[in-house]
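Peer 1: See structure_32.txt below, with compact mmCIF, C-alpha atoms.
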```txt
# COMPACT_ATOMS: atom_id res chain seq x y z
CA MET A 1 185.70 60.89 192.61
CA GLU A 2 185.03 63.46 195.31
CA TYR A 3 183.93 67.05 194.65
CA THR A 4 184.31 70.24 196.65
CA ALA A 5 183.75 73.97 196.47
CA LEU A 6 186.51 76.02 194.87
CA GLY A 7 187.19 78.43 197.71
CA ARG A 8 184.42 80.98 198.14
CA SER A 9 183.07 80.41 194.62
CA GLU A 10 179.98 78.46 193.63
CA LEU A 11 182.07 76.14 191.45
CA LYS A 12 182.03 72.46 192.43
CA VAL A 13 185.24 70.83 191.27
CA SER A 14 186.68 67.34 191.32
CA ARG A 15 189.47 66.84 193.87
CA ILE A 16 191.77 66.18 190.91
CA CYS A 17 192.24 68.88 188.30
CA MET A 18 193.54 67.66 184.93
CA GLY A 19 196.54 69.74 183.92
CA CYS A 20 196.68 70.21 180.16
CA MET A 21 200.24 71.48 179.74
CA GLY A 22 201.09 68.09 178.23
CA PHE A 23 198.60 68.59 175.40
CA GLY A 24 199.48 70.57 172.28
CA ASP A 25 201.52 70.71 169.11
CA PRO A 26 205.15 69.80 169.98
CA GLU A 27 206.35 72.19 167.28
CA LYS A 28 204.60 75.24 168.72
CA GLY A 29 205.93 75.67 172.23
CA GLN A 30 208.77 75.09 174.66
CA HIS A 31 208.08 71.35 175.09
CA ARG A 32 208.72 68.53 172.63
CA TRP A 33 207.07 65.76 174.66
CA THR A 34 203.47 66.99 174.39
CA LEU A 35 200.60 64.94 172.93
CA GLY A 36 198.82 65.46 169.63
CA PRO A 37 195.05 66.00 169.30
CA GLU A 38 193.92 62.35 169.26
CA GLU A 39 196.15 61.25 172.15
CA SER A 40 195.07 64.30 174.16
CA ARG A 41 191.44 63.54 173.43
CA GLU A 42 191.74 60.01 174.82
CA ILE A 43 193.32 61.25 178.05
CA ILE A 44 190.52 63.83 178.40
CA ARG A 45 187.92 61.15 177.72
CA GLN A 46 189.43 58.94 180.37
CA GLY A 47 189.49 61.78 182.87
CA LEU A 48 185.81 62.46 182.32
CA GLU A 49 185.01 58.77 182.76
CA LEU A 50 186.92 58.80 186.06
CA GLY A 51 184.83 61.74 187.27
CA VAL A 52 187.26 64.59 186.61
CA ASN A 53 185.34 67.77 185.80
CA PHE A 54 188.10 70.36 186.39
CA PHE A 55 190.52 71.17 183.55
CA ASP A 56 193.41 73.63 183.58
CA THR A 57 195.14 75.03 180.51
CA ALA A 58 196.77 78.32 179.40
CA ILE A 59 197.19 80.45 176.31
CA ALA A 60 200.95 79.97 176.76
CA TYR A 61 200.86 76.19 176.47
CA GLN A 62 202.22 75.19 173.08
CA GLY A 63 201.16 78.37 171.34
CA GLY A 64 197.51 78.03 172.31
CA THR A 65 197.15 74.51 170.89
CA SER A 66 196.58 73.06 174.36
CA GLU A 67 193.47 75.23 174.64
CA GLN A 68 192.39 74.16 171.15
CA TYR A 69 192.77 70.43 171.84
CA LEU A 70 190.95 70.71 175.18
CA GLY A 71 188.09 72.75 173.76
CA ARG A 72 187.51 70.42 170.82
CA ALA A 73 187.52 67.33 173.03
CA LEU A 74 185.16 68.76 175.63
CA LYS A 75 182.75 69.95 172.94
CA ASP A 76 182.37 66.36 171.76
CA LEU A 77 182.64 64.54 175.09
CA ALA A 78 180.87 66.66 177.73
CA ARG A 79 178.17 69.22 178.29
CA ARG A 80 179.66 72.66 178.85
CA GLU A 81 177.76 73.15 182.11
CA ASP A 82 179.17 69.90 183.51
CA VAL A 83 182.84 70.92 183.35
CA VAL A 84 184.93 73.61 185.01
CA VAL A 85 187.45 75.08 182.59
CA ALA A 86 190.36 77.27 183.71
CA THR A 87 192.84 79.06 181.51
CA LYS A 88 195.52 81.70 182.13
CA PHE A 89 196.90 84.91 180.67
CA LEU A 90 200.50 86.13 180.59
CA PRO A 91 201.89 89.57 181.49
CA ARG A 92 202.00 92.27 178.83
CA THR A 93 204.80 91.88 176.32
CA PRO A 94 207.49 94.56 175.87
CA GLU A 95 205.94 95.27 172.47
CA GLU A 96 202.53 95.86 174.04
CA ILE A 97 204.04 98.13 176.67
CA ALA A 98 205.88 100.14 174.00
CA ALA A 99 202.67 100.44 171.98
CA GLY A 100 200.73 101.73 174.99
CA VAL A 101 198.45 98.70 175.34
CA THR A 102 196.92 98.93 178.81
CA GLY A 103 196.54 96.06 181.24
CA GLN A 104 192.79 96.15 180.72
CA GLU A 105 193.17 95.92 176.94
CA HIS A 106 195.72 93.12 177.25
CA ILE A 107 193.41 91.03 179.44
CA GLN A 108 190.45 91.54 177.12
CA LYS A 109 192.50 90.60 174.05
CA SER A 110 194.07 87.58 175.76
CA LEU A 111 190.76 86.16 176.95
CA ASP A 112 189.12 86.70 173.56
CA GLN A 113 191.93 84.69 171.97
CA SER A 114 191.63 81.95 174.59
CA LEU A 115 187.86 81.73 174.08
CA GLN A 116 188.44 81.43 170.34
CA ASN A 117 191.00 78.67 170.93
CA LEU A 118 188.65 76.84 173.29
CA GLY A 119 185.57 77.37 171.14
CA MET A 120 183.70 78.60 174.22
CA ASP A 121 181.72 81.67 175.23
CA TYR A 122 183.18 81.83 178.73
CA VAL A 123 185.67 80.21 181.08
CA ASP A 124 184.81 79.27 184.64
CA LEU A 125 188.13 80.43 186.07
CA TYR A 126 190.48 82.99 184.51
CA ILE A 127 193.94 82.85 186.05
CA TYR A 128 196.60 85.57 186.29
CA HIS A 129 199.50 83.31 185.22
CA MET A 130 202.38 85.25 186.78
CA TRP A 131 202.80 88.62 188.45
CA ASP A 132 203.29 91.48 185.99
CA TYR A 133 205.77 93.88 187.55
CA HIS A 134 205.45 96.32 184.63
CA THR A 135 201.68 96.81 184.78
CA PRO A 136 199.86 98.62 187.60
CA LEU A 137 197.86 96.25 189.77
CA GLU A 138 194.85 98.56 189.38
CA GLU A 139 194.85 97.87 185.62
CA ILE A 140 195.01 94.12 186.16
CA MET A 141 192.15 94.06 188.65
CA GLU A 142 190.00 96.43 186.61
CA GLY A 143 190.65 94.34 183.50
CA LEU A 144 189.58 91.18 185.31
CA HIS A 145 186.52 92.99 186.62
CA GLY A 146 185.66 93.85 183.02
CA VAL A 147 185.76 90.27 181.72
CA VAL A 148 183.74 88.97 184.68
CA LYS A 149 181.17 91.73 184.23
CA ALA A 150 180.96 90.86 180.52
CA GLY A 151 180.22 87.22 181.36
CA LYS A 152 183.40 85.93 179.74
CA ALA A 153 184.82 84.62 183.03
CA ARG A 154 182.85 83.44 186.04
CA TYR A 155 185.65 83.72 188.62
CA ILE A 156 189.31 84.71 188.76
CA GLY A 157 192.37 82.95 190.13
CA ILE A 158 196.06 83.70 190.40
CA SER A 159 199.27 81.69 189.95
CA ASN A 160 202.96 82.10 190.80
CA CYS A 161 202.65 84.84 193.40
CA PHE A 162 203.65 85.57 196.98
CA ALA A 163 201.06 85.65 199.75
CA TRP A 164 201.55 89.40 200.19
CA GLN A 165 200.74 89.94 196.51
CA LEU A 166 197.54 87.91 196.72
CA CYS A 167 196.57 89.78 199.90
CA LYS A 168 197.26 93.16 198.27
CA ALA A 169 195.29 92.28 195.14
CA ASN A 170 192.23 91.04 197.02
CA ALA A 171 192.31 94.05 199.34
CA LEU A 172 192.27 96.35 196.30
CA ALA A 173 189.44 94.35 194.76
CA GLU A 174 187.40 94.58 197.95
CA LYS A 175 187.96 98.33 198.14
CA GLU A 176 186.94 98.92 194.51
CA GLY A 177 184.11 96.40 194.34
CA PHE A 178 185.98 94.16 191.91
CA PRO A 179 185.98 90.33 191.90
CA GLN A 180 188.52 88.78 194.26
CA PHE A 181 190.80 85.84 193.53
CA VAL A 182 189.13 82.63 194.69
CA SER A 183 192.09 80.31 194.03
CA VAL A 184 195.86 80.25 193.84
CA GLN A 185 197.97 77.89 191.75
CA GLY A 186 201.46 77.64 193.18
CA HIS A 187 204.38 75.21 193.16
CA TYR A 188 203.70 72.65 195.91
CA ASN A 189 204.47 68.96 196.40
CA LEU A 190 206.22 66.62 198.83
CA ILE A 191 209.70 67.77 197.76
CA PHE A 192 208.84 71.46 197.43
CA ARG A 193 206.83 72.70 200.40
CA GLU A 194 207.73 76.39 200.57
CA GLU A 195 204.04 77.32 200.12
CA GLU A 196 203.53 76.15 203.71
CA ARG A 197 205.39 79.20 205.07
CA GLU A 198 202.85 81.94 204.29
CA MET A 199 200.57 81.02 201.38
CA ALA A 200 198.92 77.95 202.91
CA PRO A 201 197.96 79.59 206.24
CA PHE A 202 196.75 82.72 204.43
CA CYS A 203 194.55 80.63 202.14
CA ARG A 204 193.08 78.72 205.09
CA GLU A 205 192.25 81.99 206.82
CA GLU A 206 190.65 83.54 203.73
CA ASN A 207 189.03 80.39 202.26
CA ILE A 208 191.04 80.65 199.05
CA ALA A 209 191.41 77.35 197.20
CA MET A 210 194.91 75.98 196.62
CA THR A 211 195.24 74.15 193.29
CA PRO A 212 198.98 73.54 193.05
CA TYR A 213 200.89 72.63 189.91
CA SER A 214 203.87 70.25 189.74
CA ALA A 215 201.96 67.98 192.11
CA LEU A 216 204.26 65.06 191.24
CA ALA A 217 207.39 67.18 190.72
CA GLY A 218 207.46 66.58 186.98
CA GLY A 219 207.08 62.83 187.55
CA ARG A 220 209.82 62.48 190.16
CA LEU A 221 207.36 61.58 192.92
CA SER A 222 205.86 58.80 190.82
CA LYS A 223 209.06 56.97 189.84
CA ARG A 224 211.61 54.89 191.68
CA PRO A 225 215.34 55.62 191.46
CA GLY A 226 216.56 54.71 187.97
CA GLU A 227 213.12 54.90 186.33
CA THR A 228 212.74 57.57 183.69
CA SER A 229 210.37 58.97 181.10
CA GLN A 230 210.46 61.15 178.00
CA ARG A 231 209.49 64.15 180.08
CA LEU A 232 212.12 63.53 182.75
CA GLU A 233 214.74 63.35 180.02
CA GLN A 234 213.55 66.27 177.88
CA ASP A 235 211.87 68.78 180.19
CA LEU A 236 214.76 71.17 180.81
CA TYR A 237 212.52 73.55 182.75
CA ALA A 238 211.64 70.85 185.29
CA LYS A 239 215.27 69.73 185.47
CA GLY A 240 216.24 73.25 186.43
CA LYS A 241 213.68 73.25 189.21
CA TYR A 242 214.66 69.94 190.80
CA ASP A 243 218.17 68.79 189.86
CA ALA A 244 219.97 71.12 192.29
CA ALA A 245 218.19 69.50 195.23
CA ALA A 246 218.18 65.94 193.90
CA GLN A 247 220.17 64.46 196.78
CA GLN A 248 218.04 65.84 199.60
CA ASP A 249 214.84 65.15 197.66
CA GLY A 250 215.92 61.56 197.02
CA GLU A 251 215.47 60.61 200.66
CA VAL A 252 211.87 61.81 200.62
CA ILE A 253 211.19 60.00 197.34
CA ARG A 254 212.56 56.77 198.83
CA ARG A 255 210.08 57.07 201.67
CA VAL A 256 207.27 57.51 199.14
CA ALA A 257 208.37 54.27 197.44
CA GLU A 258 208.66 52.48 200.79
CA LEU A 259 205.17 53.53 201.88
CA ALA A 260 203.75 52.62 198.46
CA ASP A 261 205.13 49.10 198.87
CA ARG A 262 203.78 48.86 202.37
CA ARG A 263 200.28 49.94 201.31
CA GLY A 264 200.30 48.02 198.01
CA VAL A 265 199.66 51.13 195.91
CA SER A 266 201.60 53.29 193.45
CA MET A 267 203.94 56.13 194.35
CA THR A 268 201.55 58.46 192.50
CA GLU A 269 198.76 57.50 194.91
CA ILE A 270 200.91 58.10 197.98
CA SER A 271 202.26 61.45 196.77
CA LEU A 272 198.85 62.79 195.76
CA ALA A 273 197.05 61.38 198.80
CA TRP A 274 199.46 63.37 200.96
CA LEU A 275 198.92 66.54 198.92
CA LEU A 276 195.15 66.10 199.06
CA THR A 277 195.35 66.48 202.84
CA LYS A 278 196.70 70.00 202.27
CA VAL A 279 194.93 71.49 199.22
CA THR A 280 191.61 71.71 197.38
CA ALA A 281 192.58 70.09 194.08
CA PRO A 282 196.09 69.46 192.79
CA VAL A 283 196.70 70.01 189.07
CA VAL A 284 197.85 66.65 187.71
CA GLY A 285 199.28 66.36 184.22
CA ALA A 286 198.78 63.20 182.22
CA THR A 287 200.40 61.89 179.06
CA LYS A 288 199.49 58.21 179.54
CA PRO A 289 196.21 56.55 180.62
CA HIS A 290 197.60 55.16 183.86
CA HIS A 291 198.53 58.66 185.02
CA MET A 292 194.90 59.67 185.50
CA GLU A 293 193.97 56.27 186.91
CA GLY A 294 196.55 56.68 189.68
CA ALA A 295 195.42 60.23 190.37
CA ALA A 296 191.79 59.16 190.71
CA ARG A 297 192.72 56.32 193.07
CA ALA A 298 194.63 58.77 195.25
CA VAL A 299 191.36 60.49 196.15
CA GLU A 300 190.18 57.24 197.74
CA LEU A 301 193.41 56.66 199.69
CA SER A 302 193.56 57.92 203.27
CA LEU A 303 196.94 58.29 204.93
CA THR A 304 197.26 58.20 208.71
CA PRO A 305 198.76 61.15 210.58
CA GLU A 306 201.77 58.93 211.30
CA GLU A 307 202.25 58.16 207.61
CA CYS A 308 202.02 61.83 206.70
CA ALA A 309 204.56 62.70 209.38
CA TYR A 310 206.90 60.00 208.06
CA LEU A 311 206.74 61.48 204.57
CA GLU A 312 207.28 65.02 205.84
CA GLU A 313 210.03 64.35 208.38
CA LEU A 314 213.09 64.67 206.12
CA TYR A 315 212.09 67.80 204.23
CA THR A 316 214.62 70.65 204.23
CA PRO A 317 214.08 74.21 203.00
CA HIS A 318 214.46 74.86 199.27
CA LYS A 319 215.38 77.94 197.31
CA LEU A 320 212.61 79.33 195.14
CA VAL A 321 212.89 78.05 191.57
CA GLY A 322 211.10 78.36 188.25
CA VAL A 323 208.89 81.42 187.82
CA MET A 324 208.96 82.19 191.54
CA GLY A 325 212.73 82.08 191.56
CA GLY A 326 212.71 85.08 189.25
CA ASN A 327 210.13 87.07 191.23
CA ARG A 328 211.25 90.05 193.25
```
When written as structure tokens, how does the structure in this file appear?
Peer 2:
Amino acid sequence: MEYTALGRSELKVSRICMGCMGFGDPEKGQHRWTLGPEESREIIRQGLELGVNFFDTAIAYQGGTSEQYLGRALKDLARREDVVVATKFLPRTPEEIAAGVTGQEHIQKSLDQSLQNLGMDYVDLYIYHMWDYHTPLEEIMEGLHGVVKAGKARYIGISNCFAWQLCKANALAEKEGFPQFVSVQGHYNLIFREEEREMAPFCREENIAMTPYSALAGGRLSKRPGETSQRLEQDLYAKGKYDAAAQQDGEVIRRVAELADRRGVSMTEISLAWLLTKVTAPVVGATKPHHMEGAARAVELSLTPEECAYLEELYTPHKLVGVMGGNR
């Protein structure tokens, strides 16, 4: 495993971040394909053995049970100082807005609940999960300043935003003496490359780490035509993100399979090796042992410029989907 700095922070993270959205009680969230506590624990154990030290979860994942499963496993399997734990908070709810709960109060309450779920005193990276259009940015940044100052979060990151929003937020933070976002977690993979328009060059200029989610497009970039999985069949959210562009994406996926055959490796390794040439650490979900094995091997696989160009050649622009599709 290779390790690198997370943007301008002092955090040293593995080049693969384990995404924990697949962990949690299937009865307590939007997904029915997630793993229970013992299965989750074994995947986490395997990740640690492979050198993964970077773990990403969220209070929204399966009603907080993803955080609970991750925290319990890490308490038994690793020293706290040896792992980098990231979690996320959601925008204020309509009920909170009606009750007059401020952005600062919402962030404090959310992080306290996440720390309780994780069984930890602090998180290394606290991520603004999606832009809150109903809460002043000043309240968000001041709230994040408060939890960093209190020692409950070491650094802050952001997810599901436009480059102009990240720029605006960090400019406000710089002006007010607040912590700035050191990382961004957006939607980025071989069949969805819209982050290359503005976010990627902005992050290069500002030394902000990119830690994209959906690195394998919900499994599509790891499977040949006709192959399926429980997630591919049941994850309606991912279907909504990718089905509309299935035909144009299929040509890119076929090239991934072709190159995998040529190099004698898996499609997972090819897809992630390409992404690793662009970002700091992709967030890779795992629900089976071989998922993390393939991700770890991808770090050791070097693609030539010609191979990268071959994979990129057929890409066509995509409409924004998922959370970003609903952003203003």
Peer 1: Which value, in Å to one decimal, gives the distance between atom CA of A:Thr65 and atom CA of A:Lys88?
Peer 2: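 Interatomic distance here is 13.4 Å.
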Peer 1: Just want the 12 Å neighbourhood of A:Tyr122, counted on all atoms listed in the file, with same-chain residues fewer than 2 positions away dropped. Output as a PyMOL selection string.
Peer 2: chain A and resi 71+80-81+83-87+111-120+124-126+147-155
Peer 1: Report, in Å with one decimal, the straight-line distance from atom CA of A:Leu320 to atom CA of A:Gly29.
Peer 2: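 For atom CA of A:Leu320 relative to atom CA of A:Gly29, the distance reads 24.1 Å.
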Peer 1: Using all atoms listed in the file, which protein or nucleic acid residues come within 10 Å of A:Lys288? Drop anything in the same chain fewer than 6 positions from it, and give the result as a PDB file with C-alpha atoms, in the frame of the given file.
Peer 2:
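In the end it all went to selection33.pdb:
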```pdb
ATOM      1  CA  LEU A  35     200.600  64.940 172.930  1.00  0.00           C
ATOM      2  CA  GLU A  39     196.150  61.250 172.150  1.00  0.00           C
ATOM      3  CA  SER A  40     195.070  64.300 174.160  1.00  0.00           C
ATOM      4  CA  GLU A  42     191.740  60.010 174.820  1.00  0.00           C
ATOM      5  CA  ILE A  43     193.320  61.250 178.050  1.00  0.00           C
TER       6      ILE A  43
END
```
Peer 1: With only C-alpha atoms as the counted atoms, please give the residues lying no more than 12 Å from stretch 99-101 of chain A, apart from itself and same-chain residues fewer than 6 positions off, as a list in words.
Peer 2: Pro91, Arg92, Thr93, Ile107, Gln108, Lys109, Ser110, His134, Thr135 and Glu139 of chain A
Peer 1: Write the residues of the selection above to a file with C-alpha atoms, as a PDB file, in the frame of the given file.
Peer 2:
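Written output follows (result-v3.pdb):
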```pdb
ATOM      1  CA  PRO A  91     201.890  89.570 181.490  1.00  0.00           C
ATOM      2  CA  ARG A  92     202.000  92.270 178.830  1.00  0.00           C
ATOM      3  CA  THR A  93     204.800  91.880 176.320  1.00  0.00           C
ATOM      4  CA  ILE A 107     193.410  91.030 179.440  1.00  0.00           C
ATOM      5  CA  GLN A 108     190.450  91.540 177.120  1.00  0.00           C
ATOM      6  CA  LYS A 109     192.500  90.600 174.050  1.00  0.00           C
ATOM      7  CA  SER A 110     194.070  87.580 175.760  1.00  0.00           C
ATOM      8  CA  HIS A 134     205.450  96.320 184.630  1.00  0.00           C
ATOM      9  CA  THR A 135     201.680  96.810 184.780  1.00  0.00           C
ATOM     10  CA  GLU A 139     194.850  97.870 185.620  1.00  0.00           C
TER      11      GLU A 139
END
```
Peer 1: Rank A:Glu2, A:Asp76, A:Glu251, A:Glu258 by their smallest atom-to-atom distance to A:Thr316, using all atoms listed in the file, and report the top residue only.
Peer 2: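 Checking each of A:Glu2, A:Asp76, A:Glu251, A:Glu258 against A:Thr316, counting all atoms listed in the file, the winner is A:Glu251.
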Peer 1: With all atoms listed in the file as the basis for distance, which of A:His106, A:Leu314, A:Ile97, A:Cys20 is at the shortest distance from A:Tyr69?
Peer 2: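 Going through A:His106, A:Leu314, A:Ile97, A:Cys20 one by one, the smallest distance to A:Tyr69 is for A:Cys20.
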Peer 1: Considering all atoms listed in the file, return as a list in words whatever protein or nucleic-acid residues lie within 8 Å of A:Trp274, sequence-local ones (same chain, fewer than 3 positions apart) excluded.
Peer 2: Leu190, Ile270, Ser271, Thr277, Lys278, Leu303 and Cys308 of chain A
Peer 1: Considering all atoms listed in the file, state which residue in the set A:Phe23, A:Tyr3, A:Phe202, A:Tyr315 is at the smallest distance from A:Asn189.
Peer 2: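 Counting all atoms listed in the file, the residue closest to A:Asn189 is A:Tyr315.
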Peer 1: Show me that you can extract stretch 117-137 of chain A, keeping N, CA and C atoms, and write it as an mmCIF file, in the first residue's frame.
Peer 2:
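What follows is the written file result03.cif:
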```
data_model
loop_
_atom_site.group_PDB
_atom_site.id
_atom_site.type_symbol
_atom_site.label_atom_id
_atom_site.label_comp_id
_atom_site.auth_asym_id
_atom_site.auth_seq_id
_atom_site.Cartn_x
_atom_site.Cartn_y
_atom_site.Cartn_z
ATOM 1 N N ASN A 117 -21.822 7.192 18.062
ATOM 2 C CA ASN A 117 -21.953 5.994 17.226
ATOM 3 C C ASN A 117 -20.605 5.311 17.038
ATOM 4 N N LEU A 118 -19.575 6.110 16.785
ATOM 5 C CA LEU A 118 -18.240 5.570 16.521
ATOM 6 C C LEU A 118 -17.530 5.105 17.789
ATOM 7 N N GLY A 119 -17.961 5.613 18.935
ATOM 8 C CA GLY A 119 -17.253 5.317 20.176
ATOM 9 C C GLY A 119 -15.890 5.984 20.210
ATOM 10 N N MET A 120 -15.801 7.189 19.654
ATOM 11 C CA MET A 120 -14.529 7.911 19.556
ATOM 12 C C MET A 120 -14.662 9.294 20.147
ATOM 13 N N ASP A 121 -13.519 9.889 20.484
ATOM 14 C CA ASP A 121 -13.485 11.244 21.020
ATOM 15 C C ASP A 121 -13.375 12.290 19.917
ATOM 16 N N TYR A 122 -12.898 11.884 18.749
ATOM 17 C CA TYR A 122 -12.719 12.828 17.648
ATOM 18 C C TYR A 122 -12.735 12.063 16.329
ATOM 19 N N VAL A 123 -12.980 12.774 15.249
ATOM 20 C CA VAL A 123 -12.783 12.223 13.907
ATOM 21 C C VAL A 123 -11.644 12.999 13.260
ATOM 22 N N ASP A 124 -10.969 12.360 12.341
ATOM 23 C CA ASP A 124 -9.850 13.009 11.664
ATOM 24 C C ASP A 124 -10.333 13.970 10.584
ATOM 25 N N LEU A 125 -11.456 13.633 9.965
ATOM 26 C CA LEU A 125 -11.981 14.443 8.864
ATOM 27 C C LEU A 125 -13.503 14.498 8.992
ATOM 28 N N TYR A 126 -14.042 15.706 9.119
ATOM 29 C CA TYR A 126 -15.493 15.870 9.226
ATOM 30 C C TYR A 126 -15.986 16.518 7.938
ATOM 31 N N ILE A 127 -16.875 15.814 7.246
ATOM 32 C CA ILE A 127 -17.238 16.177 5.872
ATOM 33 C C ILE A 127 -18.666 16.729 5.785
ATOM 34 N N TYR A 128 -18.773 17.876 5.134
ATOM 35 C CA TYR A 128 -20.050 18.524 4.806
ATOM 36 C C TYR A 128 -20.660 17.721 3.657
ATOM 37 N N HIS A 129 -21.651 16.872 3.958
ATOM 38 C CA HIS A 129 -22.103 15.822 3.035
ATOM 39 C C HIS A 129 -22.700 16.370 1.737
ATOM 40 N N MET A 130 -23.498 17.415 1.842
ATOM 41 C CA MET A 130 -24.088 18.034 0.652
ATOM 42 C C MET A 130 -24.462 19.466 0.980
ATOM 43 N N TRP A 131 -24.404 20.326 -0.007
ATOM 44 C CA TRP A 131 -24.605 21.752 0.204
ATOM 45 C C TRP A 131 -25.995 22.021 0.767
ATOM 46 N N ASP A 132 -26.045 22.835 1.813
ATOM 47 C CA ASP A 132 -27.295 23.193 2.478
ATOM 48 C C ASP A 132 -27.721 24.575 1.991
ATOM 49 N N TYR A 133 -28.692 24.590 1.087
ATOM 50 C CA TYR A 133 -29.133 25.851 0.495
ATOM 51 C C TYR A 133 -30.045 26.655 1.420
ATOM 52 N N HIS A 134 -30.400 26.091 2.560
ATOM 53 C CA HIS A 134 -31.310 26.768 3.491
ATOM 54 C C HIS A 134 -30.609 27.250 4.758
ATOM 55 N N THR A 135 -29.286 27.123 4.785
ATOM 56 C CA THR A 135 -28.510 27.553 5.943
ATOM 57 C C THR A 135 -27.395 28.470 5.471
ATOM 58 N N PRO A 136 -27.237 29.635 6.071
ATOM 59 C CA PRO A 136 -26.163 30.541 5.644
ATOM 60 C C PRO A 136 -24.791 29.862 5.725
ATOM 61 N N LEU A 137 -23.981 30.111 4.722
ATOM 62 C CA LEU A 137 -22.644 29.526 4.692
ATOM 63 C C LEU A 137 -21.834 29.940 5.919
#
```
